[in-house]
Amino acid sequence: MKIKIQYNVISLFLVLPIALSIMFLSSIANAQSTQSSVPLVITTIKPLAIIAKSALGGSATVEYLQSSGQSGHDLSLQVSALRKIDQADLVIWIGEDFEARVAKTFKKLPGNKLMTVLDLPLRHLSAEHHDGKEQEKSQDSTRHRDLTRDPHVWLNPHNANIIGKRIQAQFGMPAADIISAAQIAQLQEQLQPYASQNYLSHHDAFGHFVSAFKLQPSLSIRDASGAQQGAKTQYQLRQAAVEGRAQCIFVEPQYGDKDAQVMAQSLQLPLQPLAPQGFDQPLNEQAYSQFMHSLVAQFKACFD
Ligand SMILES: [Zn+2]
């Protein structure tokens, strides 16, 4: 009898910790599965996160790898970024033309986990936009890549809707615009008075914005890959300023460095911030239309 009780007590001591640890482990597993029931979307640059969050709202966690103030063209991957990419359900990047330094890693990802924006059926720029630039390639830059297409495709709201819908489809959600036709028309109306105004820009990033809203194309200090322009373009910039054809130089926060300031001073033009990467834009369901509205407001400020 006594022996049996002891045996029961002993077995209780053995079983209880095991039962408790099973309960504990399963609660961790539950917590993990509720966490992973919301998909994780990782984008390279902030604008793609703005589009993804606008497209998915609360049904996914959206994060981006670009640090504030960093040019998307300079994006490289830290260890923490590699871990995030590993955890992600979907990774979105512009493509090799844009984030050249991450291409090697991204090309190893399974096809259903990687979305390459430049592979989508987007609206690209007509050839004449690039004619001048294709003939003249700067030789003073090691960073220069031959861009066949302007990769800043997110600045055309029609493209943003195409990208957004493709992201929604990836998660089985119904297709919905992230910026409505009415909102685009409203922005177009706001920009209409400035359609023939001239300006310079620090980096050749605004072709898609210009083409979407039928504005004047700009001359830029840096080309579409973020590299210094050649002598011919530098000369054209000065000519444009001298002839009074430009009202301001648009400069992006991540390029708030010397060459724009030197240029602004020597051309006697004001610098006007224009933020095509939306560093200050909070990620929410209205993020893309808010981003576009502030971009339009910044553009107008050059001429007011
Ligand atoms: Zn750029």
# chains A, B, ... in the order shown; residues from 1 in each chain; ligands from 1
>>> residues_near_ligand(ligand="ligand 1", cutoff="7 Å", atoms="only C-alpha atoms and all ligand atoms", output="VMD selection string")
chain A and resid 72 to 73 152 203 to 205 224 to 226
>>> residues_around(residues="His293 of chain A", least_positions_apart="3", cutoff="10 Å", atoms="only C-alpha atoms", output="ChimeraX atom specification")
/A:183-184,186-187,190,287-290,296-299
>>> closest_residue(among="A:Ile50, A:Ser59, A:Leu109, A:His124", to="Met173 of chain A", atoms="only C-alpha atoms")
A:Ser59
>>> residues_around(residues="segment 280-282 of chain A", least_positions_apart="3", cutoff="10 Å", atoms="only C-alpha atoms", output="PyMOL selection string")
chain A and resi 46-47+50+53+68+275+277+285-288+290-292+294
>>> write_last_selection(atoms="N, CA and C atoms", output="CSV table (one decimal), in the first residue's frame")
chain,number,residue,atom,x,y,z
A,46,LYS,N,10.9,51.9,-49.6
A,46,LYS,CA,9.7,52.5,-49.0
A,46,LYS,C,8.5,52.6,-49.9
A,47,PRO,N,8.7,53.2,-51.1
A,47,PRO,CA,7.5,53.3,-52.0
A,47,PRO,C,6.8,52.0,-52.2
A,50,ILE,N,4.7,51.4,-49.3
A,50,ILE,CA,3.5,52.3,-49.3
A,50,ILE,C,2.4,51.6,-50.2
A,53,LYS,N,1.1,48.2,-48.5
A,53,LYS,CA,0.2,48.5,-47.3
A,53,LYS,C,-1.1,49.0,-47.8
A,68,SER,N,16.0,55.1,-43.7
A,68,SER,CA,15.6,56.5,-44.0
A,68,SER,C,16.8,57.3,-44.5
A,275,ALA,N,10.1,64.5,-52.6
A,275,ALA,CA,10.4,63.3,-52.0
A,275,ALA,C,9.8,62.1,-52.6
A,277,GLN,N,10.5,59.1,-52.6
A,277,GLN,CA,10.6,57.8,-51.8
A,277,GLN,C,9.7,57.8,-50.6
A,285,GLU,N,-3.6,52.4,-44.8
A,285,GLU,CA,-4.4,52.0,-45.9
A,285,GLU,C,-4.6,53.1,-47.0
A,286,GLN,N,-4.3,54.3,-46.6
A,286,GLN,CA,-4.5,55.4,-47.5
A,286,GLN,C,-3.1,55.9,-48.0
A,287,ALA,N,-2.0,55.2,-47.6
A,287,ALA,CA,-0.7,55.7,-47.7
A,287,ALA,C,-0.4,56.1,-49.1
A,288,TYR,N,-0.8,55.4,-50.2
A,288,TYR,CA,-0.3,55.8,-51.5
A,288,TYR,C,-1.0,57.1,-51.9
A,290,GLN,N,-2.1,59.5,-50.0
A,290,GLN,CA,-1.5,60.5,-49.2
A,290,GLN,C,-0.1,60.9,-49.8
A,291,PHE,N,0.6,59.9,-50.1
A,291,PHE,CA,2.0,60.1,-50.7
A,291,PHE,C,1.9,60.9,-52.0
A,292,MET,N,1.0,60.6,-52.8
A,292,MET,CA,0.8,61.3,-54.1
A,292,MET,C,0.4,62.7,-53.9
A,294,SER,N,1.0,64.6,-51.3
A,294,SER,CA,2.1,65.4,-50.8
A,294,SER,C,3.2,65.7,-51.9
>>> closest_residue(among="A:Val262, A:Leu82, A:Ala195, A:Val41", to="Leu114 of chain A", atoms="only C-alpha atoms")
A:Val41
>>> atom_distance(atom1="atom CA of Glu252 of chain A", atom2="atom CA of Phe206 of chain A")
11.1 Å
>>> closest_residue(among="A:Ala88, A:Leu269, A:Leu215, A:Ile51", to="Ile163 of chain A", atoms="only C-alpha atoms")
A:Ile51
>>> closest_residue(among="A:Ser218, A:Ser196, A:Gln188, A:Ser76", to="Thr44 of chain A", atoms="only C-alpha atoms")
A:Ser76
